[in-house]
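A.B. asks: Dropping in run.txt, with compact mmCIF, C-alpha atoms.
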```txt
# COMPACT_ATOMS: atom_id res chain seq x y z
CA MET I 1 100.24 74.02 110.46
CA ILE I 2 100.13 76.99 108.07
CA ASN I 3 96.79 78.01 106.62
CA ILE I 4 96.89 76.87 102.99
CA LYS I 5 94.80 79.85 101.84
CA ASN I 6 97.40 82.35 103.03
CA VAL I 7 100.21 80.57 101.23
CA PHE I 8 98.80 80.34 97.74
CA MET I 9 97.21 83.67 97.16
CA THR I 10 97.73 87.31 97.78
CA THR I 11 94.18 88.51 97.07
CA SER I 12 90.81 86.83 96.99
CA THR I 13 90.67 87.19 93.18
CA LEU I 14 93.30 84.45 92.92
CA LEU I 15 90.99 81.89 94.43
CA ILE I 16 88.37 80.02 92.46
CA LYS I 17 85.74 78.19 94.50
CA THR I 18 83.44 75.49 93.22
CA LYS I 19 81.14 73.08 95.02
CA ARG I 20 84.00 70.75 96.02
CA LEU I 21 87.16 72.61 95.07
CA GLU I 22 89.27 75.57 96.03
CA ILE I 23 91.70 76.46 93.28
CA TYR I 24 94.80 78.49 94.14
CA ALA I 25 97.42 80.24 92.02
CA LEU I 26 100.86 79.31 93.32
CA THR I 27 103.24 82.15 94.07
CA LEU I 28 106.77 81.83 92.70
CA GLU I 29 108.04 80.68 96.10
CA ALA I 30 105.29 78.09 96.51
CA LEU I 31 105.77 76.73 92.98
CA LEU I 32 109.53 76.38 93.49
CA LEU I 33 108.98 74.50 96.74
CA PHE I 34 106.31 72.29 95.18
CA ILE I 35 108.53 71.15 92.30
CA THR I 36 111.75 70.78 94.30
CA LYS I 37 110.48 69.39 97.62
CA PRO I 38 106.91 68.13 97.24
CA GLN I 39 106.96 66.29 100.60
CA VAL I 40 108.06 69.45 102.43
CA PHE I 41 105.41 71.41 100.56
CA ALA I 42 102.74 68.91 101.66
CA VAL I 43 103.75 69.12 105.31
CA MET I 44 104.13 72.91 105.33
CA TYR I 45 100.86 73.61 103.59
CA GLY I 46 98.78 70.82 105.07
CA TYR I 47 97.59 68.86 102.08
CA LYS I 48 97.19 65.11 101.80
CA GLY I 49 97.69 62.74 98.91
CA ASP I 50 100.45 62.09 96.45
CA PHE I 51 99.88 64.68 93.74
CA ARG I 52 103.13 65.77 92.14
CA PHE I 53 104.39 66.62 88.71
CA ASP I 54 106.33 63.99 86.81
CA ASN I 55 109.88 64.71 85.61
CA ASN I 56 108.74 65.91 82.18
CA GLU I 57 106.24 68.31 83.71
CA VAL I 58 108.86 69.65 86.12
CA GLU I 59 111.23 70.29 83.21
CA VAL I 60 108.49 72.18 81.32
CA ILE I 61 107.73 74.22 84.45
CA LYS I 62 111.43 75.05 84.87
CA LYS I 63 111.95 75.84 81.19
CA ASP I 64 108.72 77.66 80.37
CA LEU I 65 106.79 78.80 83.43
CA LEU I 66 109.47 79.84 85.92
CA PRO I 67 111.34 82.30 83.68
CA SER I 68 108.06 84.01 82.72
CA LEU I 69 106.77 83.93 86.31
CA LYS I 70 109.97 85.55 87.57
CA LEU I 71 109.55 88.42 85.09
CA ALA I 72 105.78 88.78 85.42
CA GLN I 73 104.58 91.93 87.07
CA GLY I 74 100.96 92.47 88.06
CA TYR I 75 99.58 89.53 86.11
CA TRP I 76 101.81 86.79 87.53
CA TYR I 77 98.91 84.35 87.89
CA TYR I 78 98.87 83.87 84.10
CA TYR I 79 102.35 82.33 84.37
CA THR I 80 102.02 79.85 87.23
CA MET I 81 100.37 76.59 88.20
CA TRP I 82 96.98 76.63 89.87
CA LEU I 83 96.34 73.74 92.27
CA MET I 84 92.88 72.20 92.57
CA VAL I 85 92.27 71.22 96.19
CA ASP I 86 89.34 69.09 97.36
CA ARG I 87 87.97 71.20 100.21
CA GLN I 88 86.62 68.29 102.23
CA ASN I 89 89.87 66.39 102.64
CA GLN I 90 92.52 68.98 101.60
CA THR I 91 93.81 66.71 98.83
CA ILE I 92 95.32 68.20 95.68
CA VAL I 93 93.47 66.50 92.85
CA GLY I 94 94.94 68.29 89.84
CA SER I 95 96.33 71.46 88.38
CA PHE I 96 96.13 73.79 85.44
CA CYS I 97 98.05 76.69 84.00
CA PHE I 98 97.47 79.41 81.48
CA TYR I 99 99.95 79.77 78.64
CA GLY I 100 100.66 83.41 79.36
CA LYS I 101 98.40 86.41 79.61
CA PRO I 102 95.53 87.06 77.18
CA ASP I 103 96.59 87.92 73.63
CA ILE I 104 95.52 90.99 71.65
CA HIS I 105 92.19 89.26 70.91
CA LYS I 106 91.64 88.72 74.66
CA ALA I 107 92.05 84.96 74.23
CA ILE I 108 93.91 82.79 76.72
CA GLU I 109 94.88 79.14 76.52
CA ILE I 110 94.67 76.66 79.38
CA GLY I 111 96.38 73.33 79.97
CA TYR I 112 95.24 70.96 82.71
CA GLY I 113 95.62 67.60 84.37
CA VAL I 114 94.08 65.47 87.09
CA SER I 115 95.93 62.98 89.26
CA SER I 116 95.40 59.47 87.90
CA ASN I 117 93.74 58.30 91.15
CA GLN I 118 91.30 61.24 90.99
CA GLN I 119 90.12 60.81 87.40
CA ASN I 120 86.50 60.08 86.49
CA LYS I 121 85.20 61.91 89.56
CA GLY I 122 84.16 65.10 87.75
CA TYR I 123 86.91 67.26 89.24
CA MET I 124 88.21 68.64 85.96
CA ASN I 125 84.75 69.48 84.65
CA GLU I 126 84.00 71.25 87.91
CA ALA I 127 87.33 73.09 87.78
CA LEU I 128 86.79 74.14 84.15
CA MET I 129 83.36 75.50 85.01
CA GLY I 130 84.97 77.49 87.82
CA VAL I 131 87.68 78.80 85.49
CA ILE I 132 85.09 79.75 82.88
CA ASP I 133 83.14 81.65 85.56
CA TRP I 134 86.36 83.37 86.72
CA CYS I 135 87.14 84.35 83.12
CA THR I 136 83.67 85.88 82.61
CA LYS I 137 84.50 88.31 85.44
CA ASN I 138 87.89 89.22 83.97
CA ILE I 139 87.65 92.12 81.51
CA LEU I 140 90.94 91.08 79.90
CA ILE I 141 89.52 87.74 78.71
CA ASN I 142 86.91 87.14 75.99
CA MET I 143 87.84 83.59 75.03
CA LEU I 144 89.28 80.54 76.78
CA LYS I 145 91.11 78.07 74.54
CA ALA I 146 92.41 74.53 74.98
CA ARG I 147 94.35 72.17 72.75
CA CYS I 148 93.98 68.41 72.95
CA ASP I 149 95.44 65.36 71.23
CA ILE I 150 92.92 63.77 68.87
CA SER I 151 93.39 60.39 70.56
CA ASN I 152 92.65 61.76 74.05
CA GLU I 153 88.96 60.87 74.07
CA ALA I 154 88.42 61.69 77.74
CA SER I 155 89.80 65.21 77.42
CA ASN I 156 87.91 65.88 74.19
CA ARG I 157 84.66 64.69 75.84
CA LEU I 158 85.42 66.89 78.86
CA LEU I 159 85.91 70.00 76.74
CA LYS I 160 82.72 69.36 74.79
CA LYS I 161 80.77 68.70 78.02
CA SER I 162 82.16 71.93 79.49
CA GLY I 163 80.76 73.96 76.58
CA PHE I 164 83.86 74.30 74.43
CA LEU I 165 83.49 74.26 70.66
CA THR I 166 85.94 72.83 68.14
CA SER I 167 87.68 75.49 66.09
CA LYS I 168 89.96 73.29 64.01
CA ILE I 169 91.49 69.88 63.77
CA ASN I 170 95.19 69.92 63.01
CA GLN I 171 95.77 66.50 61.46
CA LYS I 172 99.49 67.17 61.01
CA GLU I 173 100.06 67.58 64.76
CA ASN I 174 97.15 65.30 65.83
CA LEU I 175 95.58 68.15 67.81
CA ILE I 176 92.11 69.57 68.19
CA ASP I 177 91.77 73.23 69.09
CA TRP I 178 88.84 74.08 71.34
CA TYR I 179 87.43 77.42 72.50
CA ILE I 180 84.64 78.91 74.55
CA ASN I 181 83.51 82.52 74.49
CA VAL I 182 83.40 83.86 78.02
CA ASN I 183 82.25 87.36 77.14
CA HIS I 184 78.65 87.15 75.98
CA GLN I 185 78.97 90.38 73.99
CA LEU I 186 80.99 88.58 71.29
```
Can the structure in the file be given as structure tokens, please?

C.D. replies:
Amino acid sequence: MINIKNVFMTTSTLLIKTKRLEIYALTLEALLLFITKPQVFAVMYGYKGDFRFDNNEVEVIKKDLLPSLKLAQGYWYYYTMWLMVDRQNQTIVGSFCFYGKPDIHKAIEIGYGVSSNQQNKGYMNEALMGVIDWCTKNILINMLKARCDISNEASNRLLKKSGFLTSKINQKENLIDWYINVNHQL
């Protein structure tokens, strides 16, 4: 069996550790394998469980992430999926991605999801706290943003619990924009 840590990352800065989770940025090769042959990926990299992206998510990854990831230079980890792995049982419980590198205001947006059989266990809150901590150590990031459907009560509660503040409610698109300052000098 291949050591999962060696597959997902190229330097230790691409690993986020929390109490229960290790969160890895997928290389281009690993992401391609994960979306095309998830069973092979699971065997090769030694994880358990049934976490996989649905067809809509795979199409978004192919259309949006992969082209940017292929062109990304030194900051490739802003253009890929990060897998959240429960350290105790090596089960992938969820994932997140950034929507590109930080903008001119040093703000970056995150999108996330947790496997349906892993919800309500605190994984996403724990992962968000780890991401926030990682962002505070990144001089390119001053603000972490998230966008959530107004009707998604669980996600809105999660963002509030994780310290995010509401910046605006877009009634037209049924979205709430959230943010958290990660640079305390703001």

A.B. asks: Mind listing whatever residues come within 10 Å of the point (86.8, 81.4, 83.9)? Use all atoms listed in the file, file coordinates, and give them as a PyMOL selection string.

C.D. replies: chain I and resi 16+127-138+141-144+180+182

A.B. asks: Counting all atoms listed in the file, figure out which residue out of I:Glu59, I:Asp149, I:Glu126, I:Asp177 gets nearest to Gly94 (chain I).

C.D. replies: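 Distance minimum relative to Gly94 (chain I) lands on I:Glu126.
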
A.B. asks: Which residue is closest to Ser95 (chain I)? Choose from I:Leu15, I:Leu83, I:Val60, I:Leu158 and count all atoms listed in the file.

C.D. replies: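 Nearest to Ser95 (chain I): I:Leu83.
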
A.B. asks: Calculate how many Å separate CA of Ile108 (chain I) from CA of Asn181 (chain I), rounding to one decimal.

C.D. replies: 10.6 Å

A.B. asks: In Å to one decimal, how far is CA of Ser155 (chain I) from CA of Asn117 (chain I)?

C.D. replies: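 Taking CA of Asn117 (chain I) and CA of Ser155 (chain I), their separation equals 15.9 Å.
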
A.B. asks: Restricting the calculation to only C-alpha atoms: of I:Ile104, I:Leu32, I:Ala146, I:Ile23, which residue gets closest to Trp82 (chain I)?

C.D. replies: I:Ile23

A.B. asks: Can you pull out the residues contacting Glu22 (chain I)? Cut-off 8 Å, using all atoms listed in the file, and skip same-chain residues under 3 positions away; I want them as a list of chain:residue names.

C.D. replies: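 Contacts, in chain order: I:Leu15, I:Ile16, I:Lys17, I:Thr18, I:Met84, I:Val85, I:Asp86, I:Arg87.
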
A.B. asks: Could those residues be written to a file, using C-alpha atoms, as a PDB file, keeping the file's coordinate frame?

C.D. replies:
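Done, and the output landed in again-v3.pdb:
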```
ATOM      1  CA  LEU I  15      90.990  81.890  94.430  1.00  0.00           C
ATOM      2  CA  ILE I  16      88.370  80.020  92.460  1.00  0.00           C
ATOM      3  CA  LYS I  17      85.740  78.190  94.500  1.00  0.00           C
ATOM      4  CA  THR I  18      83.440  75.490  93.220  1.00  0.00           C
ATOM      5  CA  MET I  84      92.880  72.200  92.570  1.00  0.00           C
ATOM      6  CA  VAL I  85      92.270  71.220  96.190  1.00  0.00           C
ATOM      7  CA  ASP I  86      89.340  69.090  97.360  1.00  0.00           C
ATOM      8  CA  ARG I  87      87.970  71.200 100.210  1.00  0.00           C
TER       9      ARG I  87
END
```

A.B. asks: What is the distance between CA of Trp178 (chain I) and CA of Ile92 (chain I), in Å to one decimal?

C.D. replies: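 So the two atoms, CA of Trp178 (chain I) and CA of Ile92 (chain I), lie 25.9 Å apart.
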
A.B. asks: Would you mind listing what lies within 10 Å of Asp64 (chain I) as an MDAnalysis selection string, with only C-alpha atoms counted and same-chain residues fewer than 5 positions away left out?

C.D. replies: chainID I and resid 58:59 69 79:80 99:100

A.B. asks: Kindly provide, as a PDB file with C-alpha atoms, keeping the file's coordinate frame, the polymer residues lying within 8 Å of (98.7, 61.3, 95.1), counting all atoms listed in the file and using the coordinates exactly as they appear in the file.

C.D. replies:
```pdb
ATOM      1  CA  LYS I  48      97.190  65.110 101.800  1.00  0.00           C
ATOM      2  CA  GLY I  49      97.690  62.740  98.910  1.00  0.00           C
ATOM      3  CA  ASP I  50     100.450  62.090  96.450  1.00  0.00           C
ATOM      4  CA  PHE I  51      99.880  64.680  93.740  1.00  0.00           C
ATOM      5  CA  ARG I  52     103.130  65.770  92.140  1.00  0.00           C
ATOM      6  CA  ILE I  92      95.320  68.200  95.680  1.00  0.00           C
ATOM      7  CA  VAL I  93      93.470  66.500  92.850  1.00  0.00           C
ATOM      8  CA  SER I 115      95.930  62.980  89.260  1.00  0.00           C
ATOM      9  CA  ASN I 117      93.740  58.300  91.150  1.00  0.00           C
TER      10      ASN I 117
END
```

A.B. asks: Which of these, I:Ser151, I:Tyr78, I:Leu71, I:Asn125, has the shortest distance to Phe164 (chain I) once you count only C-alpha atoms?

C.D. replies: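 Among I:Ser151, I:Tyr78, I:Leu71, I:Asn125, it is I:Asn125 that comes nearest to Phe164 (chain I).
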
A.B. asks: Can you pull out every residue within 12 Å of Ile61 (chain I), counting all atoms listed in the file, but drop anything in the same chain fewer than 3 positions away, and send it as a PDB file with C-alpha atoms, in the frame of the given file?

C.D. replies:
```pdb
ATOM      1  CA  LEU I  28     106.770  81.830  92.700  1.00  0.00           C
ATOM      2  CA  LEU I  31     105.770  76.730  92.980  1.00  0.00           C
ATOM      3  CA  LEU I  32     109.530  76.380  93.490  1.00  0.00           C
ATOM      4  CA  PHE I  34     106.310  72.290  95.180  1.00  0.00           C
ATOM      5  CA  ILE I  35     108.530  71.150  92.300  1.00  0.00           C
ATOM      6  CA  THR I  36     111.750  70.780  94.300  1.00  0.00           C
ATOM      7  CA  PHE I  53     104.390  66.620  88.710  1.00  0.00           C
ATOM      8  CA  ASP I  54     106.330  63.990  86.810  1.00  0.00           C
ATOM      9  CA  ASN I  55     109.880  64.710  85.610  1.00  0.00           C
ATOM     10  CA  ASN I  56     108.740  65.910  82.180  1.00  0.00           C
ATOM     11  CA  GLU I  57     106.240  68.310  83.710  1.00  0.00           C
ATOM     12  CA  VAL I  58     108.860  69.650  86.120  1.00  0.00           C
ATOM     13  CA  ASP I  64     108.720  77.660  80.370  1.00  0.00           C
ATOM     14  CA  LEU I  65     106.790  78.800  83.430  1.00  0.00           C
ATOM     15  CA  LEU I  66     109.470  79.840  85.920  1.00  0.00           C
ATOM     16  CA  PRO I  67     111.340  82.300  83.680  1.00  0.00           C
ATOM     17  CA  SER I  68     108.060  84.010  82.720  1.00  0.00           C
ATOM     18  CA  LEU I  69     106.770  83.930  86.310  1.00  0.00           C
ATOM     19  CA  LYS I  70     109.970  85.550  87.570  1.00  0.00           C
ATOM     20  CA  TYR I  79     102.350  82.330  84.370  1.00  0.00           C
ATOM     21  CA  THR I  80     102.020  79.850  87.230  1.00  0.00           C
ATOM     22  CA  MET I  81     100.370  76.590  88.200  1.00  0.00           C
ATOM     23  CA  PHE I  96      96.130  73.790  85.440  1.00  0.00           C
ATOM     24  CA  CYS I  97      98.050  76.690  84.000  1.00  0.00           C
ATOM     25  CA  PHE I  98      97.470  79.410  81.480  1.00  0.00           C
ATOM     26  CA  TYR I  99      99.950  79.770  78.640  1.00  0.00           C
TER      27      TYR I  99
END
```

A.B. asks: Please determine, counting all atoms listed in the file, which residue among I:Met124, I:Val40, I:Leu165, I:Leu175 has the shortest atom-to-atom distance to Leu21 (chain I).

C.D. replies: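 Between I:Met124, I:Val40, I:Leu165, I:Leu175, the residue approaching Leu21 (chain I) most closely is I:Met124.
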
A.B. asks: Smallest atom-to-atom distance to Asn120 (chain I): which of I:Asp103, I:Gln88, I:Ala30, I:Arg157, using all atoms listed in the file?

C.D. replies: I:Arg157
